[in-house]
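Student: Below you'll find the structure I mean.
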Amino acid sequence: MNHTNYSILTGRAARIAVFALSVLATSCCAIAAEQTAPVQPLPGNSIYQLPIRLTDQDGHEFRLSGKRGKPVIVSMFYNSCQFVCPMLIDTLQMTEESLTSAQRNGLQVLLVTFDPARDSVAVLKTITNARHLDAQHWTLARTDDAAVRKLAAILGIQFKLLENGDYNHSTALVLLDGEGRILGSTNQIGEVDPQFVKLVQEAAK
Amino acid sequence: MREALSKWLSLAWLAAVATAAAADEVAPVSYVDIASGTLISVLSNSSDNRPIPVKAFSVRVTPVTNGEYLNFVIKNPDWNRDRIAPVFADHTYLHGWNSGSDYGDQSDRQRPVTNVSWFAAQAFCEHEGARLPTWYEWEYLAAADANHADARKDPAWRARILAWYDTPTNTHGPVVGGVANYYGVRDMHGLIWEWVEDFNALFISPDSRNQGDPDKLKFCGAGALSLQDKENFAILMRIALLSSLSGADSTDNLGFRCARSAASEISPISPIK
């Protein structure tokens, strides 16, 4: 009886495998066809080498490397944080205000939550609306726990989940160039860091 | 439909992986199951230092060897030292090997692989359907001697571990497979330092005497960790090392082993409301 079940399963598994492979082949060629223009490989020191997927405040999935193009300020936060995280958004907004409108248009902001369990797409959307964040430039995003750990590691951000559900974390604003290379960072929160602003202005020219 | 398709895809992938592994004639990787328990950690966020629950998991009996790591590199050439993106590993990555595909002497095969970055260690474990152990998991296993789950108060145990730190390491160390501890896990001490999954959670206050004095502007939440059990130098040294590293760093003595959450403990991934 067991034996019979087993052979049925293997037969089915084989058909599934063939089907899956044909799907893979199709999707591979579809992607290849899309990319008619040769794409330059990412630099080796680009954090976009990290193959992680995120979901933004509108529920759209994107690859981290999808941010390639314009410079980005990346940081990490979580919504239930009472003290630092609201200040983090304030600081980012103050940094934006110190830019010309052309520079603002040349810059993206990416905020990724440490707390995917509680920071759902709906929560991210609520923050975006409540803080009047311009969706043209701002992305609030969530990803899975393993990717959060990797992203933090590559940005040099430390964090720890506490028993009460809070996160203990260091705070950094990290500036990336259009290729995802780290140009600089600051730990200054609550007021703008003039040196960091200078870096941003140069990058967003 | 999408869900069903992704299930089929992962089935097909698993089948492919199983075939590849069988063809390679690698000795089966041995994991041992660890029942859930509690740990009095040397790290604490609370002054009462309550025990921390450790969920059931399984862990590699021995650290990953050069031989095992070479097999991984052959199957995943992006992790070959000649091709690795510098963002994932610094220039010392696998620098003791003769070349990107040769760890050197045959006797190195069973020695633990070192000079691997956290990203590389994590990628190896993922390839094996696993992850790095968390700090608490590692500390839980490392508390044991051969006969006791928690030997940390035994001065002889502490002295034995500390003696290893005094041993010069410029010569080739031993191969993996030392004496099994209480859990059946080997080489927790005396062979290498080990990466943990949450190495970047081990930040400690610059002055840990300042309990209840969180640098609120730097650390959201309860502030930096404070250290308990300050006599346990053997464990504190591990934390000091890990907390000083970035994910692309590698050192001559730093290797890793992998762990898996017990099937009963895996929570649904990223609930989306």
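Letters for chains follow the order of the structure tokens (A, B, ...), residue numbers begin at 1 for each chain, and ligand numbers begin at 1 in the order shown.
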Which residues of range 46-156 of chain A come within 8 Å of range 78-98 of chain B, and for each one, what is the closest pair of atoms and their distance in Å to one decimal, counting only C-alpha atoms, sorted by chain and residue number, as CSV?
Tutor:
residue,atom,partner,partner_atom,distance
A:Ser46,CA,B:Val87,CA,6.4
A:Ile47,CA,B:Val87,CA,6.5
A:Gln49,CA,B:Ala85,CA,7.6
A:Ile154,CA,B:Val87,CA,7.5
Student: Within range 97-181 of chain A, find each residue whose DSSP state, derived from the backbone, is strand (DSSP E), and express the selection as a ChimeraX atom specification.
Tutor: /A:108-113,138-142,159-161,167-170,173-176
Student: Mind the document's chain letters and residue numbers, and return as a PyMOL selection string the residues of range 44-105 of chain B that DSSP labels alpha helix (DSSP H).
Tutor: chain B and resi 66-75
Student: Between B:Phe203, B:Asp102, B:Gly184, B:Phe233, which residue has the minimum interatomic distance to Ala163 in chain B, considering only C-alpha atoms?
Tutor: B:Phe233
Student: Work out how far CA of Val32 in chain B is from CA of Val61 in chain B, in Å to one decimal.
Tutor: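 Rounded to one decimal, the two atoms are 6.2 Å apart.
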Student: I'd like to know which of A:Gln201, A:Ser185, A:Ser120, A:Thr95 is closest to Thr143 in chain A, using only C-alpha atoms.
Tutor: A:Ser120
Student: Out of A:Ser65, A:Asn79, A:Gln158, A:Gln188, which residue has the shortest atom-to-atom distance to Phe199 in chain B when counting only C-alpha atoms?
Tutor: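 Nearest candidate to Phe199 in chain B out of A:Ser65, A:Asn79, A:Gln158, A:Gln188: A:Gln158.
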Student: Rounded to one decimal place, report the CA of Ser243 in chain B-CA of Pro63 in chain B distance in Å.
Tutor: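 Computing it gives 20.5 Å between the two atoms.
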Student: I need the residue nearest Ser58 in chain B from this list: B:Val113, B:Ala130, B:Val179, B:Ala159. Use only C-alpha atoms for the distance.
Tutor: B:Ala130
Student: Show which residues sit within 9 Å of Lys67 in chain A, as a PDB file with C-alpha atoms, in the first residue's frame. Count only C-alpha atoms, and ignore same-chain residues fewer than 2 positions away.
Tutor:
ATOM      1  CA  TYR A  48      22.278  46.065  -4.207  1.00  0.00           C
ATOM      2  CA  PHE A  62      10.347  45.222  -5.355  1.00  0.00           C
ATOM      3  CA  ARG A  63      13.933  44.054  -5.293  1.00  0.00           C
ATOM      4  CA  LEU A  64      16.412  46.101  -3.296  1.00  0.00           C
ATOM      5  CA  SER A  65      18.375  46.507  -6.526  1.00  0.00           C
ATOM      6  CA  GLY A  69      19.446  54.775 -10.513  1.00  0.00           C
ATOM      7  CA  LYS A  70      19.110  57.736  -8.167  1.00  0.00           C
ATOM      8  CA  PRO A  71      20.995  58.190  -4.897  1.00  0.00           C
ATOM      9  CA  VAL A  72      19.101  56.914  -1.849  1.00  0.00           C
ATOM     10  CA  GLN A 108      15.036  58.763  -2.889  1.00  0.00           C
ATOM     11  CA  LEU A 110      14.025  54.216   1.758  1.00  0.00           C
ATOM     12  CA  GLY A 178      22.906  55.458  -7.821  1.00  0.00           C
ATOM     13  CA  GLU A 179      24.763  52.152  -7.958  1.00  0.00           C
ATOM     14  CA  GLY A 180      24.088  51.302  -4.317  1.00  0.00           C
TER      15      GLY A 180
END
Student: With a distance cut-off of 6 Å and only C-alpha atoms, select the neighbouring residues of Thr114 in chain B, excluding the residue or stretch itself and same-chain residues fewer than 5 positions from it, and output the selection as a ChimeraX atom specification.
Tutor: /B:252-255
Student: Keeping only C-alpha atoms, write those residues as a PDB file, in the first residue's frame.
Tutor:
ATOM      1  CA  ASP B 252      41.825  33.442  11.123  1.00  0.00           C
ATOM      2  CA  ASN B 253      39.983  31.788  14.017  1.00  0.00           C
ATOM      3  CA  LEU B 254      36.399  32.532  13.146  1.00  0.00           C
ATOM      4  CA  GLY B 255      34.296  29.751  11.642  1.00  0.00           C
TER       5      GLY B 255
END
Student: Rank nothing, just name the residue among A:Leu183, A:Ala135, A:Ile157, A:Val174 nearest to chain B, using only C-alpha atoms.
Tutor: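 Of the candidates, the smallest distance to chain B is held by A:Ile157.
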Student: Neighbouring residues of Asp134 in chain A were defined as those with any atom within 12 Å, considering only C-alpha atoms; residues of the same chain fewer than 5 positions away were excluded. Please report them as a list in words.
Tutor: Gln57, Gln93, Glu96, Arg104, Asn105, Leu107, Gln108, Val109, Leu110, Lys125, Ile127, Thr128, Asn129, Thr139 and Leu140 of chain A
Student: Quick one: residues within 12 Å of Ala201 in chain B, only C-alpha atoms counted, chain neighbours fewer than 2 positions away excluded, as an MDAnalysis selection string?
Tutor: (chainID A and resid 149:150 152:153 156:162 167:170) or (chainID B and resid 43 134:136 196:199 203:204 219 223:225 239:240 242:247)
Student: Go through A:Val200, A:Ala130, A:Ala147, A:Ala117 and flag the residue nearest chain B, using only C-alpha atoms for the distances.
Tutor: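 The answer is A:Ala117, which sits nearest to chain B.
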Student: Which residues come within 10 Å of Ile235 in chain B, counting only C-alpha atoms, excluding same-chain residues fewer than 3 positions away, as a VMD selection string?
Tutor: chain B and resid 41 to 43 139 142 to 143 152 158 161 to 162 189 229 to 232 238 to 240
Student: What separation in Å, quoted to one decimal, exists between CA of Ser30 in chain B and CA of Gly129 in chain B?
Tutor: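 Rounded to one decimal, the two atoms are 13.1 Å apart.
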